[in-house]
Amino acid sequence: FSEKYDSLNILVNNAGINSQGDVTEDGLEMCFQSNFVGHFLLTKLLIPSLLNAENTYKNNKYKDEAGRIVNLSSVTHHFAPSNERIHPNDGSSDLSENNGIHDKHFWLGSAMPGVSAATYRESKLASILFTIELNKRYGGGGEKVMGIRSVAVSPGSVSSDIWRNESALTQKIYRMVYLTPQQGSSTSIAGSIGNLPIDAIYLQPYWHPFMRRMHSAVRSFQRSYPLSFPMFEMLGPYIGHSVSVPRLPTDGCGGYKSSGQLWDACEGLTAE
């Protein structure tokens, strides 16, 4: 890519599977590598191209923004283990002694086969923490220019090809109650091209109670919801997109400690 193009305006990290237990040719757990480690490596390789991009948004207080990175998360990030490791063989758990910090050892365990029974959920939490860390490392800029902007998005519960291995009856039920793929893409599109509020890190597609208004030049981004009960993020009334507060590790720093530990773990996993 970098040999053909000077810059990249938008990167959407959307690859994913919802099964676990298989092992990749790299020796990593298939689900966590597909859903996150591959995204981490691709993004790191494209950082120079993203930094060279210029995205301009109407009524933005910044003149330009560099490339935009959209990381696909999920409502299941709410159910990622908080202070424990759930084992795949017997469902038992170990309590962590890290006071809510998902440390490097935790994330290396997510990537190793046979260590965790929650790699899908952990991969979706990792996408949000990756977003935080990208903004921390590359989001700085001058008075009139921002750096790279990253946002995590949940598509909602979508009747998509990810359910292709389910029974015909199950797929029929999902088509009746879940969002269409077109509806499920709304948060990705908003995250890719929208003039995001400065502190928005997570978008989801449903109405929630207890709305609060954010300062934004775009009316749809003025809808903001605090940390909510996960059910509202699974089958609530569809509204397209809204800013919401994700469920982050209780590390005392809004996920900043955990995001740095995740980055360090993945740098080791992807080192040549």
# chains A, B, ... in the order shown; residues from 1 in each chain; ligands from 1

$ closest_atom_pairs --of "range 23-89 of chain A" --to "range 7-13 of chain A" --cutoff "8 Å" --atoms "only C-alpha atoms" --output "tab-separated table"
residue	atom	partner	partner_atom	distance
A:His39	CA	A:Asn13	CA	5.9
A:Thr43	CA	A:Leu11	CA	7.9
A:Leu46	CA	A:Leu8	CA	7.8
A:Pro48	CA	A:Ser7	CA	7.7
A:Ser49	CA	A:Ser7	CA	4.2
A:Leu50	CA	A:Leu8	CA	4.9
A:Leu51	CA	A:Ser7	CA	7.5
A:Asn52	CA	A:Ser7	CA	5.1
A:Ala53	CA	A:Ser7	CA	5.1
A:Glu54	CA	A:Asn9	CA	6.9
A:Asn55	CA	A:Asn9	CA	6.7
A:Ala66	CA	A:Asn9	CA	7.2
A:Gly67	CA	A:Asn9	CA	4.5
A:Arg68	CA	A:Ile10	CA	4.8
A:Ile69	CA	A:Leu11	CA	4.9
A:Val70	CA	A:Val12	CA	4.7
A:Asn71	CA	A:Asn13	CA	5.0
A:Leu72	CA	A:Asn13	CA	6.1

$ atom_distance --atom1 "CA of Val23 in chain A" --atom2 "CA of Leu41 in chain A"
18.0 Å

$ residues_around --residues "Tyr206 in chain A" --least-positions-apart "6" --cutoff "12 Å" --atoms "only C-alpha atoms" --output "PyMOL selection string"
chain A and resi 75+153-157+178-179+183-184+186-187+223-225+228+230-244

$ closest_atom_pairs --of "range 143-245 of chain A" --to "range 124-138 of chain A" --cutoff "8 Å" --atoms "only C-alpha atoms" --output "tab-separated table"
residue	atom	partner	partner_atom	distance
A:Gly147	CA	A:Tyr138	CA	5.8
A:Ile148	CA	A:Tyr138	CA	5.5
A:Arg149	CA	A:Asn135	CA	6.1
A:Ser150	CA	A:Thr131	CA	5.4
A:Val151	CA	A:Thr131	CA	5.7
A:Ala152	CA	A:Ile128	CA	5.5
A:Ile201	CA	A:Thr131	CA	7.1
A:Tyr202	CA	A:Ile128	CA	7.5

$ write_last_selection --atoms "N, CA, C and O atoms" --output "short mmCIF file (atom, residue, chain, number, x, y, z; two decimals), in the first residue's frame"
data_model
loop_
_atom_site.label_atom_id
_atom_site.label_comp_id
_atom_site.auth_asym_id
_atom_site.auth_seq_id
_atom_site.Cartn_x
_atom_site.Cartn_y
_atom_site.Cartn_z
N GLY A 147 -3.84 15.14 15.32
CA GLY A 147 -3.17 13.98 14.78
C GLY A 147 -4.19 12.95 14.32
O GLY A 147 -5.31 13.28 13.92
N ILE A 148 -3.81 11.69 14.38
CA ILE A 148 -4.73 10.61 14.05
C ILE A 148 -5.88 10.59 15.06
O ILE A 148 -5.69 10.82 16.24
N ARG A 149 -7.07 10.29 14.58
CA ARG A 149 -8.24 10.16 15.46
C ARG A 149 -8.75 8.73 15.38
O ARG A 149 -8.97 8.20 14.29
N SER A 150 -8.95 8.10 16.51
CA SER A 150 -9.45 6.74 16.55
C SER A 150 -10.74 6.68 17.35
O SER A 150 -10.90 7.40 18.34
N VAL A 151 -11.66 5.82 16.93
CA VAL A 151 -12.92 5.63 17.64
C VAL A 151 -13.31 4.15 17.53
O VAL A 151 -13.06 3.51 16.51
N ALA A 152 -13.88 3.62 18.59
CA ALA A 152 -14.40 2.26 18.58
C ALA A 152 -15.91 2.31 18.36
O ALA A 152 -16.58 3.25 18.81
N ILE A 201 -15.17 8.22 22.24
CA ILE A 201 -14.32 7.07 21.92
C ILE A 201 -15.13 5.83 21.56
O ILE A 201 -14.57 4.83 21.13
N TYR A 202 -16.47 5.90 21.68
CA TYR A 202 -17.28 4.70 21.44
C TYR A 202 -18.66 5.11 20.94
O TYR A 202 -19.33 5.95 21.53
#

$ select_by_dssp --residues "range 18-267 of chain A" --states "helix (DSSP H, G or I)" --output "PyMOL selection string"
chain A and resi 30-51+75-79+104-111+119-138+161-163+168-177+181-184+186-193+219-222+230-233+256-267

$ closest_residue --among "A:Trp263, A:Tyr120, A:Phe40, A:Trp107" --to "Ser73 in chain A" --atoms "only C-alpha atoms"
A:Tyr120

$ residues_around --residues "Asn165 in chain A" --least-positions-apart "5" --cutoff "10 Å" --atoms "only C-alpha atoms" --output "list of chain:residue names"
A:Ser19, A:Thr170, A:Gln171

$ select_by_dssp --residues "range 41-250 of chain A" --states "strand (DSSP E or B)" --output "JSON, numbers by chain"
{"A": [55, 64, 65, 68, 69, 70, 71, 72, 84, 85, 86, 93, 94, 95, 145, 149, 150, 151, 152, 153, 158, 179, 202, 203, 204, 205, 206, 212, 213, 223, 224, 225, 238, 239, 240, 241, 242, 243, 244]}

$ residues_around --residues "range 28-36 of chain A" --least-positions-apart "2" --cutoff "8 Å" --atoms "only C-alpha atoms" --output "PDB file with all heavy atoms, in the first residue's frame"
ATOM      1  N   ASN A  14     -12.315  -4.278  10.671  1.00  0.00           N
ATOM      2  CA  ASN A  14     -13.628  -4.918  10.757  1.00  0.00           C
ATOM      3  C   ASN A  14     -13.573  -6.437  10.677  1.00  0.00           C
ATOM      4  O   ASN A  14     -14.600  -7.090  10.802  1.00  0.00           O
ATOM      5  CB  ASN A  14     -14.532  -4.377   9.637  1.00  0.00           C
ATOM      6  CG  ASN A  14     -15.959  -4.847   9.766  1.00  0.00           C
ATOM      7  OD1 ASN A  14     -16.493  -4.925  10.855  1.00  0.00           O
ATOM      8  ND2 ASN A  14     -16.574  -5.188   8.646  1.00  0.00           N
ATOM      9  N   ALA A  15     -12.408  -7.034  10.436  1.00  0.00           N
ATOM     10  CA  ALA A  15     -12.345  -8.491  10.313  1.00  0.00           C
ATOM     11  C   ALA A  15     -12.668  -9.138  11.641  1.00  0.00           C
ATOM     12  O   ALA A  15     -12.302  -8.626  12.702  1.00  0.00           O
ATOM     13  CB  ALA A  15     -10.954  -8.909   9.843  1.00  0.00           C
ATOM     14  N   GLY A  16     -13.357 -10.279  11.615  1.00  0.00           N
ATOM     15  CA  GLY A  16     -13.665 -10.930  12.878  1.00  0.00           C
ATOM     16  C   GLY A  16     -14.392 -12.250  12.721  1.00  0.00           C
ATOM     17  O   GLY A  16     -15.075 -12.486  11.720  1.00  0.00           O
ATOM     18  N   ILE A  17     -14.241 -13.104  13.721  1.00  0.00           N
ATOM     19  CA  ILE A  17     -14.978 -14.354  13.816  1.00  0.00           C
ATOM     20  C   ILE A  17     -15.535 -14.454  15.240  1.00  0.00           C
ATOM     21  O   ILE A  17     -15.054 -13.772  16.143  1.00  0.00           O
ATOM     22  CB  ILE A  17     -14.090 -15.581  13.521  1.00  0.00           C
ATOM     23  CG1 ILE A  17     -12.887 -15.630  14.480  1.00  0.00           C
ATOM     24  CG2 ILE A  17     -13.614 -15.551  12.071  1.00  0.00           C
ATOM     25  CD1 ILE A  17     -12.027 -16.870  14.325  1.00  0.00           C
ATOM     26  N   ASN A  18     -16.551 -15.294  15.429  1.00  0.00           N
ATOM     27  CA  ASN A  18     -17.134 -15.413  16.771  1.00  0.00           C
ATOM     28  C   ASN A  18     -16.992 -16.817  17.339  1.00  0.00           C
ATOM     29  O   ASN A  18     -17.704 -17.205  18.255  1.00  0.00           O
ATOM     30  CB  ASN A  18     -18.602 -14.997  16.762  1.00  0.00           C
ATOM     31  CG  ASN A  18     -19.470 -15.963  15.962  1.00  0.00           C
ATOM     32  OD1 ASN A  18     -18.970 -16.734  15.149  1.00  0.00           O
ATOM     33  ND2 ASN A  18     -20.782 -15.921  16.181  1.00  0.00           N
ATOM     34  N   SER A  19     -16.067 -17.593  16.788  1.00  0.00           N
ATOM     35  CA  SER A  19     -15.775 -18.916  17.337  1.00  0.00           C
ATOM     36  C   SER A  19     -14.382 -18.895  17.936  1.00  0.00           C
ATOM     37  O   SER A  19     -13.557 -18.042  17.595  1.00  0.00           O
ATOM     38  CB  SER A  19     -15.863 -19.982  16.246  1.00  0.00           C
ATOM     39  OG  SER A  19     -14.948 -19.711  15.197  1.00  0.00           O
ATOM     40  N   GLN A  20     -14.088 -19.817  18.813  1.00  0.00           N
ATOM     41  CA  GLN A  20     -12.787 -19.843  19.442  1.00  0.00           C
ATOM     42  C   GLN A  20     -12.329 -21.277  19.668  1.00  0.00           C
ATOM     43  O   GLN A  20     -13.114 -22.212  19.571  1.00  0.00           O
ATOM     44  CB  GLN A  20     -12.792 -19.078  20.766  1.00  0.00           C
ATOM     45  CG  GLN A  20     -13.782 -19.576  21.803  1.00  0.00           C
ATOM     46  CD  GLN A  20     -13.803 -18.672  23.031  1.00  0.00           C
ATOM     47  OE1 GLN A  20     -13.923 -17.459  22.944  1.00  0.00           O
ATOM     48  NE2 GLN A  20     -13.672 -19.272  24.198  1.00  0.00           N
ATOM     49  N   GLY A  21     -11.035 -21.424  19.947  1.00  0.00           N
ATOM     50  CA  GLY A  21     -10.474 -22.739  20.194  1.00  0.00           C
ATOM     51  C   GLY A  21      -9.484 -23.189  19.139  1.00  0.00           C
ATOM     52  O   GLY A  21      -8.616 -24.022  19.408  1.00  0.00           O
ATOM     53  N   ASP A  22      -9.605 -22.658  17.916  1.00  0.00           N
ATOM     54  CA  ASP A  22      -8.663 -23.011  16.862  1.00  0.00           C
ATOM     55  C   ASP A  22      -7.345 -22.268  17.055  1.00  0.00           C
ATOM     56  O   ASP A  22      -7.275 -21.253  17.751  1.00  0.00           O
ATOM     57  CB  ASP A  22      -9.245 -22.684  15.484  1.00  0.00           C
ATOM     58  CG  ASP A  22     -10.461 -23.543  15.154  1.00  0.00           C
ATOM     59  OD1 ASP A  22     -10.496 -24.705  15.611  1.00  0.00           O
ATOM     60  OD2 ASP A  22     -11.364 -23.051  14.465  1.00  0.00           O
ATOM     61  N   VAL A  23      -6.310 -22.776  16.400  1.00  0.00           N
ATOM     62  CA  VAL A  23      -4.967 -22.208  16.519  1.00  0.00           C
ATOM     63  C   VAL A  23      -4.482 -21.774  15.142  1.00  0.00           C
ATOM     64  O   VAL A  23      -4.637 -22.502  14.159  1.00  0.00           O
ATOM     65  CB  VAL A  23      -3.982 -23.232  17.123  1.00  0.00           C
ATOM     66  CG1 VAL A  23      -2.600 -22.617  17.301  1.00  0.00           C
ATOM     67  CG2 VAL A  23      -4.503 -23.743  18.463  1.00  0.00           C
ATOM     68  N   THR A  24      -3.902 -20.582  15.056  1.00  0.00           N
ATOM     69  CA  THR A  24      -3.383 -20.083  13.786  1.00  0.00           C
ATOM     70  C   THR A  24      -2.004 -20.674  13.502  1.00  0.00           C
ATOM     71  O   THR A  24      -1.380 -21.291  14.361  1.00  0.00           O
ATOM     72  CB  THR A  24      -3.266 -18.554  13.805  1.00  0.00           C
ATOM     73  OG1 THR A  24      -2.206 -18.175  14.700  1.00  0.00           O
ATOM     74  CG2 THR A  24      -4.564 -17.903  14.272  1.00  0.00           C
ATOM     75  N   GLU A  25      -1.518 -20.451  12.278  1.00  0.00           N
ATOM     76  CA  GLU A  25      -0.183 -20.928  11.922  1.00  0.00           C
ATOM     77  C   GLU A  25       0.900 -20.193  12.701  1.00  0.00           C
ATOM     78  O   GLU A  25       2.039 -20.647  12.772  1.00  0.00           O
ATOM     79  CB  GLU A  25       0.056 -20.761  10.421  1.00  0.00           C
ATOM     80  CG  GLU A  25       0.005 -19.340   9.922  1.00  0.00           C
ATOM     81  CD  GLU A  25       0.194 -19.233   8.417  1.00  0.00           C
ATOM     82  OE1 GLU A  25      -0.189 -20.175   7.703  1.00  0.00           O
ATOM     83  OE2 GLU A  25       0.721 -18.190   7.967  1.00  0.00           O
ATOM     84  N   ASP A  26       0.541 -19.070  13.326  1.00  0.00           N
ATOM     85  CA  ASP A  26       1.477 -18.345  14.189  1.00  0.00           C
ATOM     86  C   ASP A  26       1.486 -18.894  15.609  1.00  0.00           C
ATOM     87  O   ASP A  26       2.233 -18.403  16.461  1.00  0.00           O
ATOM     88  CB  ASP A  26       1.117 -16.857  14.231  1.00  0.00           C
ATOM     89  CG  ASP A  26       1.165 -16.209  12.861  1.00  0.00           C
ATOM     90  OD1 ASP A  26       2.191 -16.363  12.177  1.00  0.00           O
ATOM     91  OD2 ASP A  26       0.172 -15.566  12.485  1.00  0.00           O
ATOM     92  N   GLY A  38      -4.290  -9.112  14.488  1.00  0.00           N
ATOM     93  CA  GLY A  38      -4.107  -8.737  13.091  1.00  0.00           C
ATOM     94  C   GLY A  38      -4.386  -7.271  12.846  1.00  0.00           C
ATOM     95  O   GLY A  38      -3.680  -6.599  12.078  1.00  0.00           O
ATOM     96  N   HIS A  39      -5.422  -6.739  13.507  1.00  0.00           N
ATOM     97  CA  HIS A  39      -5.743  -5.312  13.390  1.00  0.00           C
ATOM     98  C   HIS A  39      -4.611  -4.452  13.953  1.00  0.00           C
ATOM     99  O   HIS A  39      -4.261  -3.408  13.379  1.00  0.00           O
ATOM    100  CB  HIS A  39      -7.039  -4.995  14.139  1.00  0.00           C
ATOM    101  CG  HIS A  39      -8.242  -5.648  13.541  1.00  0.00           C
ATOM    102  ND1 HIS A  39      -9.454  -5.690  14.198  1.00  0.00           N
ATOM    103  CD2 HIS A  39      -8.427  -6.289  12.362  1.00  0.00           C
ATOM    104  CE1 HIS A  39     -10.341  -6.313  13.447  1.00  0.00           C
ATOM    105  NE2 HIS A  39      -9.741  -6.687  12.331  1.00  0.00           N
ATOM    106  N   PHE A  40      -4.072  -4.884  15.069  1.00  0.00           N
ATOM    107  CA  PHE A  40      -2.979  -4.140  15.696  1.00  0.00           C
ATOM    108  C   PHE A  40      -1.797  -4.035  14.740  1.00  0.00           C
ATOM    109  O   PHE A  40      -1.243  -2.943  14.522  1.00  0.00           O
ATOM    110  CB  PHE A  40      -2.554  -4.835  16.990  1.00  0.00           C
ATOM    111  CG  PHE A  40      -1.350  -4.224  17.651  1.00  0.00           C
ATOM    112  CD1 PHE A  40      -1.499  -3.174  18.552  1.00  0.00           C
ATOM    113  CD2 PHE A  40      -0.067  -4.682  17.381  1.00  0.00           C
ATOM    114  CE1 PHE A  40      -0.383  -2.593  19.167  1.00  0.00           C
ATOM    115  CE2 PHE A  40       1.053  -4.113  17.985  1.00  0.00           C
ATOM    116  CZ  PHE A  40       0.893  -3.071  18.879  1.00  0.00           C
ATOM    117  N   SER A 110      -4.722 -14.035  26.627  1.00  0.00           N
ATOM    118  CA  SER A 110      -5.821 -13.994  25.665  1.00  0.00           C
ATOM    119  C   SER A 110      -5.386 -14.510  24.301  1.00  0.00           C
ATOM    120  O   SER A 110      -6.186 -15.114  23.566  1.00  0.00           O
ATOM    121  CB  SER A 110      -6.341 -12.560  25.522  1.00  0.00           C
ATOM    122  OG  SER A 110      -6.849 -12.066  26.745  1.00  0.00           O
ATOM    123  N   ALA A 111      -4.143 -14.277  23.957  1.00  0.00           N
ATOM    124  CA  ALA A 111      -3.635 -14.656  22.634  1.00  0.00           C
ATOM    125  C   ALA A 111      -3.155 -16.099  22.574  1.00  0.00           C
ATOM    126  O   ALA A 111      -2.932 -16.624  21.479  1.00  0.00           O
ATOM    127  CB  ALA A 111      -2.497 -13.727  22.232  1.00  0.00           C
ATOM    128  N   MET A 112      -2.994 -16.745  23.726  1.00  0.00           N
ATOM    129  CA  MET A 112      -2.472 -18.102  23.751  1.00  0.00           C
ATOM    130  C   MET A 112      -3.604 -19.131  23.733  1.00  0.00           C
ATOM    131  O   MET A 112      -4.573 -18.997  24.495  1.00  0.00           O
ATOM    132  CB  MET A 112      -1.612 -18.309  25.001  1.00  0.00           C
ATOM    133  CG  MET A 112      -0.337 -17.486  25.039  1.00  0.00           C
ATOM    134  SD  MET A 112       0.806 -17.891  23.677  1.00  0.00           S
ATOM    135  CE  MET A 112       0.624 -16.420  22.642  1.00  0.00           C
ATOM    136  N   PRO A 113      -3.508 -20.162  22.924  1.00  0.00           N
ATOM    137  CA  PRO A 113      -4.560 -21.191  22.885  1.00  0.00           C
ATOM    138  C   PRO A 113      -4.720 -21.890  24.229  1.00  0.00           C
ATOM    139  O   PRO A 113      -3.744 -22.158  24.930  1.00  0.00           O
ATOM    140  CB  PRO A 113      -4.052 -22.169  21.819  1.00  0.00           C
ATOM    141  CG  PRO A 113      -3.090 -21.381  20.986  1.00  0.00           C
ATOM    142  CD  PRO A 113      -2.448 -20.399  21.919  1.00  0.00           C
ATOM    143  N   GLY A 114      -5.966 -22.151  24.597  1.00  0.00           N
ATOM    144  CA  GLY A 114      -6.247 -22.926  25.790  1.00  0.00           C
ATOM    145  C   GLY A 114      -6.155 -22.194  27.106  1.00  0.00           C
ATOM    146  O   GLY A 114      -6.275 -22.809  28.169  1.00  0.00           O
ATOM    147  N   THR A 119     -12.179 -15.283  24.763  1.00  0.00           N
ATOM    148  CA  THR A 119     -11.329 -14.517  23.847  1.00  0.00           C
ATOM    149  C   THR A 119     -12.126 -13.591  22.929  1.00  0.00           C
ATOM    150  O   THR A 119     -11.628 -12.536  22.547  1.00  0.00           O
ATOM    151  CB  THR A 119     -10.451 -15.450  23.003  1.00  0.00           C
ATOM    152  OG1 THR A 119     -11.274 -16.432  22.355  1.00  0.00           O
ATOM    153  CG2 THR A 119      -9.427 -16.159  23.866  1.00  0.00           C
ATOM    154  N   TYR A 120     -13.357 -13.975  22.555  1.00  0.00           N
ATOM    155  CA  TYR A 120     -14.148 -13.059  21.727  1.00  0.00           C
ATOM    156  C   TYR A 120     -14.451 -11.782  22.496  1.00  0.00           C
ATOM    157  O   TYR A 120     -14.244 -10.671  22.001  1.00  0.00           O
ATOM    158  CB  TYR A 120     -15.453 -13.718  21.284  1.00  0.00           C
ATOM    159  CG  TYR A 120     -16.297 -12.817  20.402  1.00  0.00           C
ATOM    160  CD1 TYR A 120     -16.028 -12.707  19.044  1.00  0.00           C
ATOM    161  CD2 TYR A 120     -17.333 -12.054  20.931  1.00  0.00           C
ATOM    162  CE1 TYR A 120     -16.778 -11.869  18.233  1.00  0.00           C
ATOM    163  CE2 TYR A 120     -18.090 -11.216  20.133  1.00  0.00           C
ATOM    164  CZ  TYR A 120     -17.808 -11.123  18.779  1.00  0.00           C
ATOM    165  OH  TYR A 120     -18.550 -10.281  17.992  1.00  0.00           O
ATOM    166  N   GLU A 122     -12.899 -10.619  25.104  1.00  0.00           N
ATOM    167  CA  GLU A 122     -11.645  -9.916  25.380  1.00  0.00           C
ATOM    168  C   GLU A 122     -11.146  -9.173  24.147  1.00  0.00           C
ATOM    169  O   GLU A 122     -10.594  -8.072  24.258  1.00  0.00           O
ATOM    170  CB  GLU A 122     -10.608 -10.912  25.887  1.00  0.00           C
ATOM    171  CG  GLU A 122     -10.924 -11.420  27.290  1.00  0.00           C
ATOM    172  CD  GLU A 122     -10.168 -12.688  27.653  1.00  0.00           C
ATOM    173  OE1 GLU A 122      -9.298 -13.118  26.863  1.00  0.00           O
ATOM    174  OE2 GLU A 122     -10.461 -13.260  28.722  1.00  0.00           O
ATOM    175  N   SER A 123     -11.357  -9.744  22.955  1.00  0.00           N
ATOM    176  CA  SER A 123     -10.921  -9.068  21.729  1.00  0.00           C
ATOM    177  C   SER A 123     -11.716  -7.780  21.507  1.00  0.00           C
ATOM    178  O   SER A 123     -11.171  -6.789  20.991  1.00  0.00           O
ATOM    179  CB  SER A 123     -11.071  -9.998  20.523  1.00  0.00           C
ATOM    180  OG  SER A 123     -12.432 -10.186  20.152  1.00  0.00           O
ATOM    181  N   LYS A 124     -12.981  -7.768  21.910  1.00  0.00           N
ATOM    182  CA  LYS A 124     -13.799  -6.580  21.723  1.00  0.00           C
ATOM    183  C   LYS A 124     -13.487  -5.496  22.754  1.00  0.00           C
ATOM    184  O   LYS A 124     -13.581  -4.302  22.460  1.00  0.00           O
ATOM    185  CB  LYS A 124     -15.285  -6.960  21.751  1.00  0.00           C
ATOM    186  CG  LYS A 124     -15.688  -7.879  20.600  1.00  0.00           C
ATOM    187  CD  LYS A 124     -15.276  -7.295  19.245  1.00  0.00           C
ATOM    188  CE  LYS A 124     -15.631  -8.185  18.088  1.00  0.00           C
ATOM    189  NZ  LYS A 124     -15.227  -7.610  16.779  1.00  0.00           N
ATOM    190  N   ALA A 126     -10.433  -5.272  23.898  1.00  0.00           N
ATOM    191  CA  ALA A 126      -9.130  -4.838  23.388  1.00  0.00           C
ATOM    192  C   ALA A 126      -9.282  -3.771  22.308  1.00  0.00           C
ATOM    193  O   ALA A 126      -8.474  -2.837  22.229  1.00  0.00           O
ATOM    194  CB  ALA A 126      -8.358  -6.041  22.843  1.00  0.00           C
ATOM    195  N   SER A 127     -10.310  -3.876  21.484  1.00  0.00           N
ATOM    196  CA  SER A 127     -10.526  -2.879  20.424  1.00  0.00           C
ATOM    197  C   SER A 127     -10.767  -1.486  21.004  1.00  0.00           C
ATOM    198  O   SER A 127     -10.314  -0.479  20.438  1.00  0.00           O
ATOM    199  CB  SER A 127     -11.716  -3.290  19.544  1.00  0.00           C
ATOM    200  OG  SER A 127     -11.429  -4.459  18.817  1.00  0.00           O
TER     201      SER A 127
END

$ atom_distance --atom1 "CA of Cys266 in chain A" --atom2 "CA of Val37 in chain A"
6.6 Å

$ atom_distance --atom1 "CA of Pro81 in chain A" --atom2 "CA of Ser192 in chain A"
29.0 Å

$ closest_residue --among "A:Asp251, A:Asp199, A:Glu267, A:Glu166" --to "Leu45 in chain A" --atoms "only C-alpha atoms"
A:Glu267
